[in-house]
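First up is the structure itself, then whatever we jot down about it.
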There are 2 protein chains.
Amino acid sequence: MSAVDEASAELFALARAGDRRATGRLLSLVERGGATADEVDALVHAAGTAAQVVGITGAPGAGKSTLTGRLLGRVIETGRRPAVVAVDPSSPLTGGAILGDRLRMEAAMHPSAFIRSMATRGPPGGLALALPGSVRVLAAVGYDPVIVETVGVGQTDVDVAGAVDTTVVIVTPGWGDAIQANKAGLLELADVYVVNKADRPGADDTRRDLELMLDLSTVSGAHHHDDVRPPVVMTSATSGTGIDELWDAIDGHFARLRDGGGLEARRTARVRDELRHRVERLAAVAIDVAMSDADTAALIDAVRAGSCSPAAAAQALYERAGRVHDT
Amino acid sequence: MSAVDEASAELFALARAGDRRATGRLLSLVERGGATADEVDALVHAAGTAAQVVGITGAPGAGKSTLTGRLLGRVIETGRRPAVVAVDPSSPLTGGAILGDRLRMEAAMHPSAFIRSMATRGPPGGLALALPGSVRVLAAVGYDPVIVETVGVGQTDVDVAGAVDTTVVIVTPGWGDAIQANKAGLLELADVYVVNKADRPGADDTRRDLELMLDLSTVSGAHHHDDVRPPVVMTSATSGTGIDELWDAIDGHFARLRDGGGLEARRTARVRDELRHRVERLAAVAIDVAMSDADTAALIDAVRAGSCSPAAAAQALYERAGRVHDT
């Protein structure tokens with residue numbers, strides 16, 4: 001075992017013994033990627049622990065962080081040790097969720113909970129690579145459930161839905177919000193729907209819109225592995241209304257998945273996705289290396305001069321990139 | 001030369017002689033991708049013709065198709081033979097641009113012009129692969145300029161900006177429109193700005209907002225190869241106002257690029273981008289093959305059982321994918 005391996009093992013032992021700074025350090029190593037990340041991940045992966053993983057997503061301003069704070073409180077009450085990975089968007093679209101921040105701070109100071117922010121900056125697909133490893137660290141250290149909170153911004157949602165057991169999509173009352181969620185493809189992703197800010201006008205209309213669309217979607221057979229229409233839960237995160245019902249819906253979905261065999265299928269698909277993302281990353285690195293060498297400049301000149309077709313040049317480059325891992 | 005090669009050569013000869021159906025057929029072959037596409041592309045590429053390539057982009061409803069129709073008319077007047085590639089989004093967001101459709105139909109029937117729709121459906125990055133080849137076909141057949149019209153939808157804009165000599169971004173009067181364009185990263189892409197629907201209230205404000213942001217952007221040195229602030233042209237596509245000025249601005253940008261050496265740099269970067277997209281596609285195909293075989297299912301089981309780390313499994317898969325092109 002190398003010196004680095006020993007250091008990783010030491011950090012992991014500290015983290016499992018409850019040292020929060022060691023847990024934070026392990027997460028940083030995994031997020032950074034590269035050889036050390038792989039080493040830490042192999043160690044953590046060998047521990048073989050799995051947590052219930054819940055994704056919470058929705059548009060900016062839907063109340064995700066406040067709702068997540070409430071769920072944390074609810075889960076701590078049941079005697080479990082929850083962790084949150086809050087996936088921050090690259091640009092600060094949300095503004096201040098003051099109550100959400102306060103609830104989160106309270107939970108962060110609670111000895112049973114762990115909160116982590118993760119940036120989506122970095123190369124495209126970086127989140128898809130870092131998220132599974134981060135969830136494994138938190139599970140191996142003893143946190144369960146792990147809640148992944150994301151701002152709903154397209155590809156990020158899809159990446160997160162691929163990395164969790166249960167996806168919760170939050171909408172708020174307002175004309176067309178349910179339709180917007182449908183357009184954005186969220187209907188296909190959600191296992192549980194939340195209409196948050198349910199004390200506002202139009203909440204019942206939004207619920208009805210959602211249920212109508214979900215019924216149509218079920219009829220057409222377009223979605224949902226477990227053949228149960230996703231439940232729609234009404235909440236008010238600021239007052240705390242509906243939080244028990246929401247957690248029951250999340251846990252109910254998880255229990256159905258587990259008992260019906262869907263959980264195994266989902267987790268196998270998740271490993272498949274993770275391997276694909278990792279292989280794509282290895283290929284991208286090899287292509288970067290091949291693109292940046294002097295032979296490539298000569299190939300580009302040949303294409304511009306008309307003496308080599310784009311397809312032939314690409315084939316030559318591809319074969320060169322394929323040799324990177326042999327050297 | 002194989003039978004297929006002879007057929008491609010025959011089609012190409014017909015297209016160059018002015019047969020529009022042959023041109024359409026060549027474009028279909030190139031769009032479809034694969035071995036025949038590469039063969040046609042090699043033939044066309046060897047002809048060594050280059051056209052002035054103009055990209056037109058903007059939000060749905062900004063008036064792109066009407067403006068493009070007007071530009072077509074203007075270019076035909078100068079005695080040139082323009083072609084349009086209209087990149088259609090996967091979903092019909094635009095509704096009916098009736099005047100745009102009529103202008104386009106007129107141009108399509110004009111013997112000097114050629115209009116083509118291209119879907120963005122298909123695999124991600126499919127447009128980035130098909131667009132350069134389609135532009136090459138149109139240039140080799142004798143069309144110049146080639147105008148690429150796209151609905152402004154994120155990655156498509158970036159792909160199009162990477163495939164053209166001059167990028168025109170259309171905005172319309174309205175509170176915050178210029179700011180939205182800035183947020184979407186369009187300020188960095190545009191070589192020429194258009195405020196269309198300039199007869200509407202707020203057009204001057206939008207122009208001022210744009211110029212202010214462009215000035216700030218120039219001061220910070222953030223953009224623009226040719227060190228000239230992108231011009232802002234006011235148009236009304238429906239009445240035809242400002243079209244001459246717009247074409248002059250587009251042609252002026254192209255002349256500055258050509259005379260200042262920027263055109264060479266841009267086209268070299270474009271070939272580099274195209275080669276990268278092609279190599280990525282070759283790698284993606286090899287990864288698909290490797291992901292779908294029985295050994296991969298065994299690897300996934302090993303990862304789930306904890307006997308193989310995700311990183312080690314990915315490395316094994318990657319090496320297997322790398323061997324695809326050797327067999």
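Naming scheme: A, B, ... for chains in displayed order of the structure tokens; residues 1 onward per chain; ligands 1 onward as shown.
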
Considering only C-alpha atoms, give me a table of residues in chain B that are at most 6 Å from chain A, with the closest atom pair and distance in Å for each, as a tab-separated table.
```
residue	atom	partner	partner_atom	distance
B:Asp38	CA	A:Ala311	CA	5.9
B:Ala42	CA	A:Ser309	CA	5.1
B:Ala46	CA	A:Gly306	CA	5.4
B:Leu275	CA	A:Ala314	CA	5.3
B:Arg278	CA	A:Ala314	CA	5.9
B:Val279	CA	A:Tyr318	CA	5.4
B:Gly306	CA	A:Ala46	CA	5.4
B:Ser309	CA	A:Ala42	CA	5.1
B:Ala311	CA	A:Asp38	CA	5.9
B:Ala314	CA	A:Leu275	CA	5.3
B:Tyr318	CA	A:Val279	CA	5.4
B:Gly322	CA	A:Gly322	CA	5.4
```

Distance query Val160 (chain B) at most 8 Å, only C-alpha atoms, self and fewer than 6 positions along chain excluded, as a PyMOL selection string: chain B and resi 55+128+148+150

12 Å contact set for Arg20 (chain B), only C-alpha atoms, chain neighbours under 4 positions out, as a ChimeraX atom specification: /B:11-16,24-27,83,108-116,137-138,141-143

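If you look at CA of Asp199 (chain A) and CA of Ser217 (chain A), they are 27.2 Å away from each other.
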
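Contact shell of region 247-260 of chain B at 7 Å (only C-alpha atoms; same-chain neighbours under 4 positions omitted): Leu71, Asp165, Thr166, Val192, Asp226 and Ile243 of chain B.
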
Writing out the chosen residues with N, CA, C and O atoms as a PDB file, in the first residue's frame:
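Contents of again37.pdb, freshly written:
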```pdb
ATOM      1  N   LEU B  71     -33.220  39.127 -46.526  1.00  0.00           N
ATOM      2  CA  LEU B  71     -31.797  39.100 -46.882  1.00  0.00           C
ATOM      3  C   LEU B  71     -31.582  38.324 -48.179  1.00  0.00           C
ATOM      4  O   LEU B  71     -30.769  38.730 -49.019  1.00  0.00           O
ATOM      5  N   ASP B 165     -18.823  32.282 -40.726  1.00  0.00           N
ATOM      6  CA  ASP B 165     -17.858  33.380 -40.716  1.00  0.00           C
ATOM      7  C   ASP B 165     -18.384  34.565 -39.911  1.00  0.00           C
ATOM      8  O   ASP B 165     -17.631  35.251 -39.234  1.00  0.00           O
ATOM      9  N   THR B 166     -19.682  34.827 -40.022  1.00  0.00           N
ATOM     10  CA  THR B 166     -20.297  35.993 -39.379  1.00  0.00           C
ATOM     11  C   THR B 166     -21.558  35.546 -38.654  1.00  0.00           C
ATOM     12  O   THR B 166     -22.432  34.932 -39.259  1.00  0.00           O
ATOM     13  N   VAL B 192     -22.588  40.769 -35.526  1.00  0.00           N
ATOM     14  CA  VAL B 192     -23.511  41.840 -35.905  1.00  0.00           C
ATOM     15  C   VAL B 192     -24.783  41.673 -35.070  1.00  0.00           C
ATOM     16  O   VAL B 192     -25.281  40.556 -34.928  1.00  0.00           O
ATOM     17  N   ASP B 226     -11.629  40.700 -34.053  1.00  0.00           N
ATOM     18  CA  ASP B 226     -11.188  41.760 -34.951  1.00  0.00           C
ATOM     19  C   ASP B 226     -11.205  43.123 -34.265  1.00  0.00           C
ATOM     20  O   ASP B 226     -11.025  44.150 -34.915  1.00  0.00           O
ATOM     21  N   ILE B 243     -32.840  46.523 -44.230  1.00  0.00           N
ATOM     22  CA  ILE B 243     -32.246  45.293 -44.764  1.00  0.00           C
ATOM     23  C   ILE B 243     -30.936  45.580 -45.501  1.00  0.00           C
ATOM     24  O   ILE B 243     -29.957  44.837 -45.356  1.00  0.00           O
TER      25      ILE B 243
END
```

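Straight-line separation from CA of Glu106 (chain A) to CA of Pro231 (chain A): 29.3 Å.
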
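The interatomic distance for the pair CA of Ala190 (chain A) and CA of Arg81 (chain A) works out to 24.4 Å.
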